[in-house]
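Data block for work_1.cif (mmCIF, C-alpha atoms):
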data_entry
#
loop_
_atom_site.group_PDB
_atom_site.id
_atom_site.type_symbol
_atom_site.label_atom_id
_atom_site.label_comp_id
_atom_site.auth_asym_id
_atom_site.auth_seq_id
_atom_site.Cartn_x
_atom_site.Cartn_y
_atom_site.Cartn_z
ATOM 1 C CA MET A 1 96.788 179.567 73.232
ATOM 2 C CA SER A 2 99.857 178.381 71.389
ATOM 3 C CA LEU A 3 100.761 174.797 70.623
ATOM 4 C CA SER A 4 104.016 175.176 72.570
ATOM 5 C CA LEU A 5 102.150 176.304 75.693
ATOM 6 C CA ILE A 6 99.716 173.382 75.464
ATOM 7 C CA ALA A 7 102.697 171.051 75.011
ATOM 8 C CA ALA A 8 104.536 172.555 77.990
ATOM 9 C CA ILE A 9 101.524 172.180 80.314
ATOM 10 C CA ALA A 10 100.898 168.661 79.005
ATOM 11 C CA LEU A 11 104.524 167.763 79.686
ATOM 12 C CA LEU A 12 104.357 169.163 83.227
ATOM 13 C CA THR A 13 101.154 167.238 83.910
ATOM 14 C CA TYR A 14 102.505 163.971 82.555
ATOM 15 C CA ALA A 15 105.792 164.440 84.420
ATOM 16 C CA SER A 16 103.904 164.865 87.696
ATOM 17 C CA ARG A 17 102.106 161.568 86.996
ATOM 18 C CA ALA A 18 105.184 159.661 85.895
ATOM 19 C CA LEU A 19 107.829 160.950 88.291
ATOM 20 C CA ALA A 20 106.851 158.890 91.325
ATOM 21 C CA LEU A 21 105.360 155.990 89.386
ATOM 22 C CA VAL A 22 108.290 155.455 87.008
ATOM 23 C CA VAL A 23 111.428 157.317 88.015
ATOM 24 C CA MET A 24 111.642 157.365 91.795
ATOM 25 C CA PRO A 25 112.969 154.285 93.622
ATOM 26 C CA ASP A 26 110.789 152.234 95.965
ATOM 27 C CA PRO A 27 110.379 154.126 99.231
ATOM 28 C CA PRO A 28 112.217 152.992 102.373
ATOM 29 C CA PRO A 29 110.055 151.113 104.930
ATOM 30 C CA ARG A 30 109.394 154.170 107.099
ATOM 31 C CA ALA A 31 108.238 156.259 104.123
ATOM 32 C CA LYS A 32 106.198 153.328 102.822
ATOM 33 C CA ALA A 33 104.400 153.096 106.164
ATOM 34 C CA VAL A 34 103.431 156.756 105.841
ATOM 35 C CA LEU A 35 102.387 156.287 102.195
ATOM 36 C CA ASP A 36 100.208 153.332 103.217
ATOM 37 C CA ARG A 37 98.330 155.699 105.519
ATOM 38 C CA ILE A 38 97.790 158.318 102.779
ATOM 39 C CA PRO A 39 94.852 157.027 100.641
ATOM 40 C CA ALA A 40 91.932 157.344 103.080
ATOM 41 C CA PRO A 41 92.909 160.841 104.327
ATOM 42 C CA LEU A 42 93.680 161.993 100.774
ATOM 43 C CA PHE A 43 90.313 160.876 99.379
ATOM 44 C CA ALA A 44 88.517 162.332 102.382
ATOM 45 C CA ALA A 45 90.356 165.620 101.852
ATOM 46 C CA LEU A 46 89.511 165.609 98.123
ATOM 47 C CA ALA A 47 85.852 165.047 99.027
ATOM 48 C CA ALA A 48 86.013 167.927 101.471
ATOM 49 C CA ILE A 49 87.472 170.419 98.998
ATOM 50 C CA SER A 50 84.869 169.302 96.449
ATOM 51 C CA VAL A 51 82.102 170.643 98.682
ATOM 52 C CA VAL A 52 83.821 173.965 99.228
ATOM 53 C CA ALA A 53 83.169 176.283 96.297
ATOM 54 C CA ASP A 54 85.078 179.566 96.300
ATOM 55 C CA ASP A 55 84.928 180.569 99.972
ATOM 56 C CA GLN A 56 81.637 178.932 100.943
ATOM 57 C CA LEU A 57 79.972 175.538 101.214
ATOM 58 C CA ALA A 58 78.380 173.986 98.129
ATOM 59 C CA ALA A 59 74.655 174.119 97.342
ATOM 60 C CA PRO A 60 72.287 172.336 99.780
ATOM 61 C CA VAL A 61 71.409 169.678 97.232
ATOM 62 C CA MET A 62 75.067 168.701 96.960
ATOM 63 C CA LEU A 63 75.411 168.598 100.732
ATOM 64 C CA CYS A 64 72.413 166.230 100.787
ATOM 65 C CA ALA A 65 74.283 163.954 98.351
ATOM 66 C CA VAL A 66 77.315 164.062 100.632
ATOM 67 C CA PHE A 67 75.251 163.227 103.727
ATOM 68 C CA GLY A 68 73.523 160.415 101.845
ATOM 69 C CA ALA A 69 76.916 158.983 100.968
ATOM 70 C CA LEU A 70 78.280 159.420 104.486
ATOM 71 C CA LEU A 71 75.307 157.570 105.972
ATOM 72 C CA VAL A 72 76.214 154.363 104.157
ATOM 73 C CA THR A 73 80.001 154.519 104.595
ATOM 74 C CA PRO A 74 79.878 151.845 107.347
ATOM 75 C CA THR A 75 79.050 149.326 104.599
ATOM 76 C CA ARG A 76 82.470 150.124 103.045
ATOM 77 C CA SER A 77 80.966 149.433 99.625
ATOM 78 C CA LEU A 78 81.710 151.891 96.832
ATOM 79 C CA LEU A 79 78.476 151.077 95.017
ATOM 80 C CA HIS A 80 76.423 151.513 98.198
ATOM 81 C CA VAL A 81 78.046 154.882 98.813
ATOM 82 C CA LEU A 82 77.339 155.973 95.219
ATOM 83 C CA PHE A 83 73.695 154.934 95.595
ATOM 84 C CA GLY A 84 73.534 156.649 98.996
ATOM 85 C CA GLY A 85 74.819 159.826 97.385
ATOM 86 C CA LEU A 86 72.309 159.505 94.554
ATOM 87 C CA ALA A 87 69.446 159.033 97.029
ATOM 88 C CA GLY A 88 70.630 162.020 99.045
ATOM 89 C CA TYR A 89 70.836 164.121 95.904
ATOM 90 C CA ALA A 90 67.333 163.101 94.811
ATOM 91 C CA LEU A 91 65.938 163.920 98.250
ATOM 92 C CA GLY A 92 67.757 167.246 98.269
ATOM 93 C CA ALA A 93 66.444 168.092 94.813
ATOM 94 C CA LEU A 94 62.902 167.373 96.005
ATOM 95 C CA VAL A 95 63.277 169.511 99.117
ATOM 96 C CA PHE A 96 65.291 172.444 97.800
ATOM 97 C CA SER A 97 64.007 172.938 94.246
ATOM 98 C CA MET B 1 86.796 144.404 96.024
ATOM 99 C CA LYS B 2 86.433 142.657 92.675
ATOM 100 C CA ARG B 3 87.535 144.409 89.508
ATOM 101 C CA ARG B 4 84.082 144.097 87.936
ATOM 102 C CA ALA B 5 82.509 145.899 90.888
ATOM 103 C CA ILE B 6 85.185 148.572 90.703
ATOM 104 C CA LEU B 7 84.603 149.101 87.005
ATOM 105 C CA SER B 8 80.838 149.259 87.592
ATOM 106 C CA ALA B 9 81.564 151.987 90.104
ATOM 107 C CA ALA B 10 83.639 153.781 87.441
ATOM 108 C CA VAL B 11 80.559 154.349 85.271
ATOM 109 C CA ALA B 12 79.197 157.163 87.478
ATOM 110 C CA PRO B 13 82.391 159.239 87.473
ATOM 111 C CA ALA B 14 82.875 158.521 83.752
ATOM 112 C CA THR B 15 79.417 159.956 83.078
ATOM 113 C CA ALA B 16 80.201 162.977 85.229
ATOM 114 C CA ILE B 17 83.490 163.401 83.357
ATOM 115 C CA VAL B 18 81.580 163.524 80.045
ATOM 116 C CA VAL B 19 79.434 166.321 81.487
ATOM 117 C CA PHE B 20 82.467 168.265 82.701
ATOM 118 C CA GLY B 21 84.246 167.643 79.424
ATOM 119 C CA ALA B 22 81.278 169.171 77.600
ATOM 120 C CA THR B 23 81.360 172.154 79.963
ATOM 121 C CA TYR B 24 85.076 172.523 79.266
ATOM 122 C CA GLY B 25 84.550 172.260 75.505
ATOM 123 C CA THR B 26 81.844 174.930 75.568
ATOM 124 C CA LEU B 27 83.936 177.279 77.687
ATOM 125 C CA ALA B 28 87.282 176.684 76.013
ATOM 126 C CA ARG B 29 85.921 177.061 72.476
ATOM 127 C CA HIS B 30 85.263 180.740 73.146
ATOM 128 C CA VAL B 31 88.572 181.372 74.921
ATOM 129 C CA ILE B 32 91.210 179.368 73.051
ATOM 130 C CA GLY B 33 89.376 178.099 69.962
ATOM 131 C CA ALA B 34 88.042 174.656 69.070
ATOM 132 C CA GLY B 35 91.349 173.216 67.833
ATOM 133 C CA ALA B 36 93.338 174.217 70.916
ATOM 134 C CA ALA B 37 90.519 173.065 73.203
ATOM 135 C CA MET B 38 90.469 169.584 71.666
ATOM 136 C CA LEU B 39 94.251 169.360 71.589
ATOM 137 C CA SER B 40 94.500 170.382 75.238
ATOM 138 C CA SER B 41 92.067 167.620 76.235
ATOM 139 C CA LEU B 42 93.948 165.049 74.183
ATOM 140 C CA LEU B 43 97.367 166.002 75.560
ATOM 141 C CA ILE B 44 96.756 167.304 79.080
ATOM 142 C CA PHE B 45 93.799 165.143 80.245
ATOM 143 C CA SER B 46 93.278 167.021 83.488
ATOM 144 C CA GLY B 47 90.031 168.838 84.142
ATOM 145 C CA ALA B 48 91.457 170.816 87.050
ATOM 146 C CA VAL B 49 94.448 172.032 85.048
ATOM 147 C CA GLN B 50 92.493 172.755 81.866
ATOM 148 C CA PHE B 51 89.697 174.709 83.599
ATOM 149 C CA THR B 52 92.325 176.695 85.508
ATOM 150 C CA VAL B 53 94.293 177.486 82.350
ATOM 151 C CA VAL B 54 91.170 178.695 80.535
ATOM 152 C CA GLY B 55 90.117 180.732 83.577
ATOM 153 C CA LEU B 56 93.547 182.340 83.835
ATOM 154 C CA LEU B 57 93.628 183.085 80.103
ATOM 155 C CA SER B 58 90.193 184.726 80.380
ATOM 156 C CA ALA B 59 91.606 186.907 83.152
ATOM 157 C CA GLY B 60 94.523 187.910 80.918
ATOM 158 C CA ALA B 61 97.230 185.877 82.678
ATOM 159 C CA GLY B 62 100.558 185.215 80.973
ATOM 160 C CA PRO B 63 102.396 181.921 80.351
ATOM 161 C CA GLY B 64 104.236 182.126 83.694
ATOM 162 C CA ALA B 65 100.969 182.159 85.659
ATOM 163 C CA LEU B 66 99.604 179.279 83.574
ATOM 164 C CA VAL B 67 102.664 177.140 84.240
ATOM 165 C CA ALA B 68 102.698 178.022 87.957
ATOM 166 C CA GLY B 69 99.004 177.157 88.259
ATOM 167 C CA SER B 70 99.574 173.825 86.516
ATOM 168 C CA VAL B 71 102.501 172.909 88.777
ATOM 169 C CA THR B 72 100.447 173.616 91.907
ATOM 170 C CA LEU B 73 97.472 171.590 90.722
ATOM 171 C CA ASN B 74 99.653 168.686 89.598
ATOM 172 C CA PHE B 75 101.372 168.356 92.956
ATOM 173 C CA ARG B 76 98.931 165.723 94.166
ATOM 174 C CA ASN B 77 99.780 163.481 91.205
ATOM 175 C CA LEU B 78 103.221 163.040 92.771
ATOM 176 C CA LEU B 79 101.650 161.783 95.975
ATOM 177 C CA LEU B 80 99.226 159.471 94.183
ATOM 178 C CA GLY B 81 102.107 158.106 92.104
ATOM 179 C CA ALA B 82 104.178 157.470 95.223
ATOM 180 C CA VAL B 83 101.277 155.651 96.910
ATOM 181 C CA LEU B 84 100.625 153.538 93.813
ATOM 182 C CA ARG B 85 104.255 152.762 92.996
ATOM 183 C CA PRO B 86 104.793 149.734 95.273
ATOM 184 C CA ARG B 87 101.447 148.292 94.165
ATOM 185 C CA VAL B 88 101.917 148.648 90.389
ATOM 186 C CA GLN B 89 103.525 145.767 88.530
ATOM 187 C CA GLY B 90 105.737 146.003 85.460
ATOM 188 C CA GLY B 91 108.860 147.657 84.149
ATOM 189 C CA PRO B 92 109.519 151.319 83.391
ATOM 190 C CA ALA B 93 107.844 151.263 79.952
ATOM 191 C CA ARG B 94 104.639 149.806 81.334
ATOM 192 C CA ARG B 95 104.654 152.240 84.249
ATOM 193 C CA ALA B 96 105.250 155.136 81.860
ATOM 194 C CA GLY B 97 102.183 154.094 79.877
ATOM 195 C CA LEU B 98 100.083 153.696 83.015
ATOM 196 C CA ALA B 99 101.149 157.148 84.227
ATOM 197 C CA TRP B 100 99.176 158.665 81.352
ATOM 198 C CA PHE B 101 95.964 157.390 82.979
ATOM 199 C CA LEU B 102 96.764 158.472 86.539
ATOM 200 C CA VAL B 103 94.035 160.845 87.677
ATOM 201 C CA ASP B 104 92.421 161.138 91.126
ATOM 202 C CA GLU B 105 89.504 158.880 90.257
ATOM 203 C CA SER B 106 91.471 156.114 88.500
ATOM 204 C CA ALA B 107 94.103 156.105 91.263
ATOM 205 C CA GLY B 108 91.366 155.798 93.864
ATOM 206 C CA LEU B 109 89.633 152.940 92.095
ATOM 207 C CA ALA B 110 92.976 151.187 91.547
ATOM 208 C CA LEU B 111 93.863 151.433 95.224
ATOM 209 C CA ALA B 112 90.389 150.213 96.177
ATOM 210 C CA SER B 113 90.743 147.179 93.916
ATOM 211 C CA GLY B 114 93.284 145.683 96.308
ATOM 212 C CA THR B 115 95.227 143.096 94.363
ATOM 213 C CA ASP B 116 94.429 144.200 90.806
ATOM 214 C CA VAL B 117 95.890 147.698 90.933
ATOM 215 C CA THR B 118 97.660 147.732 87.555
ATOM 216 C CA ARG B 119 94.724 146.545 85.464
ATOM 217 C CA THR B 120 92.201 148.697 87.302
ATOM 218 C CA LEU B 121 94.365 151.797 86.879
ATOM 219 C CA PHE B 122 94.604 151.112 83.163
ATOM 220 C CA ALA B 123 90.947 150.164 82.591
ATOM 221 C CA SER B 124 89.384 152.963 84.623
ATOM 222 C CA GLY B 125 91.939 155.528 83.439
ATOM 223 C CA ALA B 126 91.307 154.636 79.794
ATOM 224 C CA LEU B 127 87.545 154.873 80.381
ATOM 225 C CA PHE B 128 87.953 158.326 81.957
ATOM 226 C CA TYR B 129 90.262 159.438 79.132
ATOM 227 C CA ILE B 130 87.668 158.469 76.518
ATOM 228 C CA ALA B 131 84.905 160.119 78.584
ATOM 229 C CA TRP B 132 86.918 163.368 78.751
ATOM 230 C CA GLN B 133 87.486 163.405 74.968
ATOM 231 C CA VAL B 134 83.831 162.620 74.200
ATOM 232 C CA GLY B 135 82.694 165.347 76.599
ATOM 233 C CA THR B 136 85.066 167.914 75.123
ATOM 234 C CA MET B 137 83.867 167.071 71.628
ATOM 235 C CA LEU B 138 80.220 167.385 72.665
ATOM 236 C CA GLY B 139 80.949 170.791 74.171
ATOM 237 C CA LEU B 140 82.734 171.911 71.024
ATOM 238 C CA LEU B 141 79.731 170.783 68.992
ATOM 239 C CA GLY B 142 77.482 172.970 71.132
ATOM 240 C CA ALA B 143 75.855 170.404 73.447
ATOM 241 C CA SER B 144 74.266 171.953 76.532
ATOM 242 C CA VAL B 145 74.738 170.142 79.844
ATOM 243 C CA GLU B 146 73.392 172.823 82.172
ATOM 244 C CA GLY B 147 70.493 170.611 83.250
ATOM 245 C CA VAL B 148 72.705 167.815 84.581
ATOM 246 C CA ARG B 149 75.801 169.739 85.682
ATOM 247 C CA SER B 150 74.624 170.021 89.291
ATOM 248 C CA ALA B 151 74.150 166.251 89.548
ATOM 249 C CA ALA B 152 77.509 165.641 87.875
ATOM 250 C CA THR B 153 79.207 167.974 90.347
ATOM 251 C CA ALA B 154 77.874 165.865 93.225
ATOM 252 C CA VAL B 155 79.408 162.672 91.834
ATOM 253 C CA PHE B 156 82.981 163.618 92.730
ATOM 254 C CA PRO B 157 82.650 164.199 96.502
ATOM 255 C CA VAL B 158 80.433 161.109 96.729
ATOM 256 C CA LEU B 159 83.008 159.013 94.865
ATOM 257 C CA PHE B 160 85.846 160.286 97.065
ATOM 258 C CA ILE B 161 83.795 159.553 100.212
ATOM 259 C CA GLY B 162 83.301 156.007 98.950
ATOM 260 C CA LEU B 163 87.013 155.623 98.212
ATOM 261 C CA ALA B 164 87.920 156.993 101.644
ATOM 262 C CA ALA B 165 85.516 154.523 103.269
ATOM 263 C CA LEU B 166 86.982 151.643 101.282
ATOM 264 C CA SER B 167 90.509 152.672 102.240
ATOM 265 C CA SER B 168 89.666 152.964 105.927
ATOM 266 C CA ALA B 169 90.385 149.480 107.203
ATOM 267 C CA SER B 170 90.231 150.491 110.875
ATOM 268 C CA ARG B 171 88.623 153.048 113.181
ATOM 269 C CA SER B 172 91.995 154.724 113.503
ATOM 270 C CA MET B 173 92.218 155.179 109.737
ATOM 271 C CA ALA B 174 88.633 156.452 109.566
ATOM 272 C CA ALA B 175 89.519 158.995 112.253
ATOM 273 C CA ARG B 176 92.556 160.119 110.231
ATOM 274 C CA ALA B 177 90.333 160.479 107.150
ATOM 275 C CA ALA B 178 87.771 162.547 109.057
ATOM 276 C CA LEU B 179 90.518 164.751 110.456
ATOM 277 C CA ALA B 180 92.015 165.280 106.994
ATOM 278 C CA ALA B 181 88.576 166.202 105.619
ATOM 279 C CA GLY B 182 88.097 168.765 108.366
ATOM 280 C CA LEU B 183 91.554 170.240 107.870
ATOM 281 C CA ALA B 184 91.167 170.414 104.092
ATOM 282 C CA ALA B 185 87.699 171.987 104.232
ATOM 283 C CA GLY B 186 88.864 174.581 106.747
ATOM 284 C CA ALA B 187 91.970 175.388 104.737
ATOM 285 C CA ALA B 188 90.023 175.586 101.462
ATOM 286 C CA LEU B 189 87.535 178.007 103.041
ATOM 287 C CA LEU B 190 90.347 180.201 104.360
ATOM 288 C CA TRP B 191 92.501 179.925 101.219
ATOM 289 C CA PRO B 192 90.324 179.274 98.146
ATOM 290 C CA GLY B 193 93.305 179.711 95.826
ATOM 291 C CA GLY B 194 95.186 176.887 97.513
ATOM 292 C CA ARG B 195 92.737 174.077 96.811
ATOM 293 C CA GLY B 196 95.345 172.291 94.712
ATOM 294 C CA VAL B 197 97.651 171.746 97.653
ATOM 295 C CA VAL B 198 95.452 171.735 100.756
ATOM 296 C CA ALA B 199 94.149 168.200 100.181
ATOM 297 C CA VAL B 200 97.689 166.869 99.810
ATOM 298 C CA ALA B 201 98.959 168.830 102.816
ATOM 299 C CA ALA B 202 96.069 167.663 105.005
ATOM 300 C CA ALA B 203 96.537 164.019 103.973
ATOM 301 C CA ILE B 204 100.273 164.104 104.685
ATOM 302 C CA ALA B 205 99.753 165.892 108.005
ATOM 303 C CA VAL B 206 97.412 163.216 109.347
ATOM 304 C CA ALA B 207 99.359 160.296 107.822
ATOM 305 C CA LEU B 208 102.717 161.235 109.345
ATOM 306 C CA PRO B 209 102.100 160.216 112.965
ATOM 307 C CA GLY B 210 102.688 156.475 113.382
ATOM 308 C CA GLY B 211 100.437 153.982 115.120
ATOM 309 C CA GLU B 212 97.651 151.613 114.190
ATOM 310 C CA THR B 213 96.474 151.714 110.581
#
How does this structure look as C-alpha cells?
Amino acid sequence: MSLSLIAAIALLTYASRALALVVMPDPPPRAKAVLDRIPAPLFAALAAISVVADDQLAAPVMLCAVFGALLVTPTRSLLHVLFGGLAGYALGALVFS
Amino acid sequence: MKRRAILSAAVAPATAIVVFGATYGTLARHVIGAGAAMLSSLLIFSGAVQFTVVGLLSAGAGPGALVAGSVTLNFRNLLLGAVLRPRVQGGPARRAGLAWFLVDESAGLALASGTDVTRTLFASGALFYIAWQVGTMLGLLGASVEGVRSAATAVFPVLFIGLAALSSASRSMAARAALAAGLAAGAALLWPGGRGVVAVAAAIAVALPGGET
C-alpha cells in the first residue's frame, strides 16, 4: 500500500469529519429540528448493525450482552447500561461456553 | 450527565479499541507491512475504514475500490458532524482540530454530555486515538488478543444502546430509536455490503417526520 493511497484515504476520512463541523453553515431551523432528532435513532441503528455479522445475527453471547444492556435502558445511565451489558455477557459466557 | 461520568464510560470503549487496534495491527502487518499499518492508524484513525481497506487489498482490489469503500463508510461522519455543529463552540481552527477526533464513540459521548460537548469530544476522541495507536502497535509487535476479542466486540453495541437511551428524552424518541434499529438490522441482513450507509439512512428516515421529540 503506497504512501499516496494512505494519504488519499486519510484525507477523505478527515474531510468527511470536518466538512459539516467546520465548513458548512449552521442549518436552518427546520433542518436543525431534524438533526436534533438524529442522535437516538443513529446510535440505535449503529447498535443494530453491530449485532448483524455478515448476513446473520451475532453469537449468542453477544446477544446476551445486548439484552443485558437493553434491560437497564430505562435508567438512562450510560454506566448502568455498560454494566448491564457486561452482566449479560458474563451470563451468556456461562451458559453458552 | 457530568463530564467525569462520561469519561468513566469512555474507558470501556477505549479498552475495546485497544483490542481492535491490536487485531488490525496483526492483520495489516501481513497485508500492507508494519510501516504502512502504523502510518494508516496514525493518519486515518478509523477502524471501519482501515479494516475494509486491508480486506479489499487482500481480495486484490484496486485503488478505485479502496477509495469508494472509504467514501461509503465515511458518510456517517457527515451526519455526526452536522448534528454536533450547533453544539460545538469555537472558531474554524478549533473545529478543524476537533474534527480529527470525531468518531462514532466520541461523538456519542459528546452528545450525551449535554452542555460540555466540545471538551468531551476532544477528551474522549484523544483517548480513543491513543487507544487505537497503542492497539495497532501491540498488534504489530505480535500481541495476541484472541481471548478477549469476543468481549471487546460486545462493547460497541452495548455502548451505542447506552448512548441511544441517553439521547431518548421521551417515549416518542425511544420509539424512533427502536424503529431505526429494526430498519437498520433488517437492511444490514438483506444487504451486508451496505452496512456503512444503512445506519445513516435508517436514522434519517425515522428523524424526518416532525412531532414530539
Problem set entry | Selection result of the PyMOL selection byres ((chain A and resi 42) around 9) on this file, as a list in words | Ile38, Pro39, Ala40, Pro41, Phe43, Ala44, Ala45, Leu46 and Ala47 of chain A; Leu80, Phe160, Ala164, Ala177, Ala180, Ala181, Ala199, Val200, Ala201, Ala202, Ala203 and Ile204 of chain B
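Comparing the minimum interatomic distances between Ser124 (chain B) and each of B:Ala154, B:Met38, B:Ala110, B:Ile44, counting only C-alpha atoms, we find that B:Ala110 sits nearest.
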Exercise. For the file shown, what are the residues hit by the PyMOL selection byres ((chain A) within 8 of (chain B)), laid out as a ChimeraX atom specification?
Worked result: /A:1-3,5-14,16-23,26,34-56,62,65-66,69-70,73-74,76-79,81-82,85,89
Let's have the selection written as a PDB file, in the frame of the given file, with C-alpha atoms.
ATOM      1  CA  MET A   1      96.788 179.567  73.232  1.00  0.00           C
ATOM      2  CA  SER A   2      99.857 178.381  71.389  1.00  0.00           C
ATOM      3  CA  LEU A   3     100.761 174.797  70.623  1.00  0.00           C
ATOM      4  CA  LEU A   5     102.150 176.304  75.693  1.00  0.00           C
ATOM      5  CA  ILE A   6      99.716 173.382  75.464  1.00  0.00           C
ATOM      6  CA  ALA A   7     102.697 171.051  75.011  1.00  0.00           C
ATOM      7  CA  ALA A   8     104.536 172.555  77.990  1.00  0.00           C
ATOM      8  CA  ILE A   9     101.524 172.180  80.314  1.00  0.00           C
ATOM      9  CA  ALA A  10     100.898 168.661  79.005  1.00  0.00           C
ATOM     10  CA  LEU A  11     104.524 167.763  79.686  1.00  0.00           C
ATOM     11  CA  LEU A  12     104.357 169.163  83.227  1.00  0.00           C
ATOM     12  CA  THR A  13     101.154 167.238  83.910  1.00  0.00           C
ATOM     13  CA  TYR A  14     102.505 163.971  82.555  1.00  0.00           C
ATOM     14  CA  SER A  16     103.904 164.865  87.696  1.00  0.00           C
ATOM     15  CA  ARG A  17     102.106 161.568  86.996  1.00  0.00           C
ATOM     16  CA  ALA A  18     105.184 159.661  85.895  1.00  0.00           C
ATOM     17  CA  LEU A  19     107.829 160.950  88.291  1.00  0.00           C
ATOM     18  CA  ALA A  20     106.851 158.890  91.325  1.00  0.00           C
ATOM     19  CA  LEU A  21     105.360 155.990  89.386  1.00  0.00           C
ATOM     20  CA  VAL A  22     108.290 155.455  87.008  1.00  0.00           C
ATOM     21  CA  VAL A  23     111.428 157.317  88.015  1.00  0.00           C
ATOM     22  CA  ASP A  26     110.789 152.234  95.965  1.00  0.00           C
ATOM     23  CA  VAL A  34     103.431 156.756 105.841  1.00  0.00           C
ATOM     24  CA  LEU A  35     102.387 156.287 102.195  1.00  0.00           C
ATOM     25  CA  ASP A  36     100.208 153.332 103.217  1.00  0.00           C
ATOM     26  CA  ARG A  37      98.330 155.699 105.519  1.00  0.00           C
ATOM     27  CA  ILE A  38      97.790 158.318 102.779  1.00  0.00           C
ATOM     28  CA  PRO A  39      94.852 157.027 100.641  1.00  0.00           C
ATOM     29  CA  ALA A  40      91.932 157.344 103.080  1.00  0.00           C
ATOM     30  CA  PRO A  41      92.909 160.841 104.327  1.00  0.00           C
ATOM     31  CA  LEU A  42      93.680 161.993 100.774  1.00  0.00           C
ATOM     32  CA  PHE A  43      90.313 160.876  99.379  1.00  0.00           C
ATOM     33  CA  ALA A  44      88.517 162.332 102.382  1.00  0.00           C
ATOM     34  CA  ALA A  45      90.356 165.620 101.852  1.00  0.00           C
ATOM     35  CA  LEU A  46      89.511 165.609  98.123  1.00  0.00           C
ATOM     36  CA  ALA A  47      85.852 165.047  99.027  1.00  0.00           C
ATOM     37  CA  ALA A  48      86.013 167.927 101.471  1.00  0.00           C
ATOM     38  CA  ILE A  49      87.472 170.419  98.998  1.00  0.00           C
ATOM     39  CA  SER A  50      84.869 169.302  96.449  1.00  0.00           C
ATOM     40  CA  VAL A  51      82.102 170.643  98.682  1.00  0.00           C
ATOM     41  CA  VAL A  52      83.821 173.965  99.228  1.00  0.00           C
ATOM     42  CA  ALA A  53      83.169 176.283  96.297  1.00  0.00           C
ATOM     43  CA  ASP A  54      85.078 179.566  96.300  1.00  0.00           C
ATOM     44  CA  ASP A  55      84.928 180.569  99.972  1.00  0.00           C
ATOM     45  CA  GLN A  56      81.637 178.932 100.943  1.00  0.00           C
ATOM     46  CA  MET A  62      75.067 168.701  96.960  1.00  0.00           C
ATOM     47  CA  ALA A  65      74.283 163.954  98.351  1.00  0.00           C
ATOM     48  CA  VAL A  66      77.315 164.062 100.632  1.00  0.00           C
ATOM     49  CA  ALA A  69      76.916 158.983 100.968  1.00  0.00           C
ATOM     50  CA  LEU A  70      78.280 159.420 104.486  1.00  0.00           C
ATOM     51  CA  THR A  73      80.001 154.519 104.595  1.00  0.00           C
ATOM     52  CA  PRO A  74      79.878 151.845 107.347  1.00  0.00           C
ATOM     53  CA  ARG A  76      82.470 150.124 103.045  1.00  0.00           C
ATOM     54  CA  SER A  77      80.966 149.433  99.625  1.00  0.00           C
ATOM     55  CA  LEU A  78      81.710 151.891  96.832  1.00  0.00           C
ATOM     56  CA  LEU A  79      78.476 151.077  95.017  1.00  0.00           C
ATOM     57  CA  VAL A  81      78.046 154.882  98.813  1.00  0.00           C
ATOM     58  CA  LEU A  82      77.339 155.973  95.219  1.00  0.00           C
ATOM     59  CA  GLY A  85      74.819 159.826  97.385  1.00  0.00           C
ATOM     60  CA  TYR A  89      70.836 164.121  95.904  1.00  0.00           C
TER      61      TYR A  89
END
Problem set entry | Å distance separating CA of Ser97 (chain A) from CA of Ala22 (chain B), one decimal place |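 Separation between CA of Ser97 (chain A) and CA of Ala22 (chain B): 24.3 Å.
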Problem set entry | Pick from A:Cys64, A:Pro25, A:His80, A:Thr75, whichever lies nearest to Leu94 (chain A) using all atoms listed in the file |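 Closest residue, counting all atoms listed in the file: A:Cys64.
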Non-local contacts of region 134-148 of chain B (7 Å; only C-alpha atoms; under 3 positions in same chain excluded) as a compact mmCIF listing (two decimals) with C-alpha atoms, in the frame of the given file:
# COMPACT_ATOMS: atom_id res chain seq x y z
CA VAL B 18 81.58 163.52 80.04
CA VAL B 19 79.43 166.32 81.49
CA PHE B 20 82.47 168.26 82.70
CA GLY B 21 84.25 167.64 79.42
CA ALA B 22 81.28 169.17 77.60
CA THR B 23 81.36 172.15 79.96
CA TYR B 24 85.08 172.52 79.27
CA GLY B 25 84.55 172.26 75.50
CA THR B 26 81.84 174.93 75.57
CA ARG B 29 85.92 177.06 72.48
CA ALA B 34 88.04 174.66 69.07
CA MET B 38 90.47 169.58 71.67
CA ILE B 130 87.67 158.47 76.52
CA ALA B 131 84.90 160.12 78.58
CA ALA B 151 74.15 166.25 89.55
CA ALA B 152 77.51 165.64 87.88
Exercise. Of the candidates A:Leu91, A:Lys32, A:Phe83, A:Ala15, which shows the shortest atom-to-atom distance to Leu63 (chain A), using all atoms listed in the file?
Worked result: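 With all atoms listed in the file as the atom set, the closest residue is A:Leu91.
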Exercise. When you draw a straight line from CA of Ala126 (chain B) to CA of Ala28 (chain B), how long is it in Å?
Worked result: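 Distance between the two atoms: 22.7 Å.
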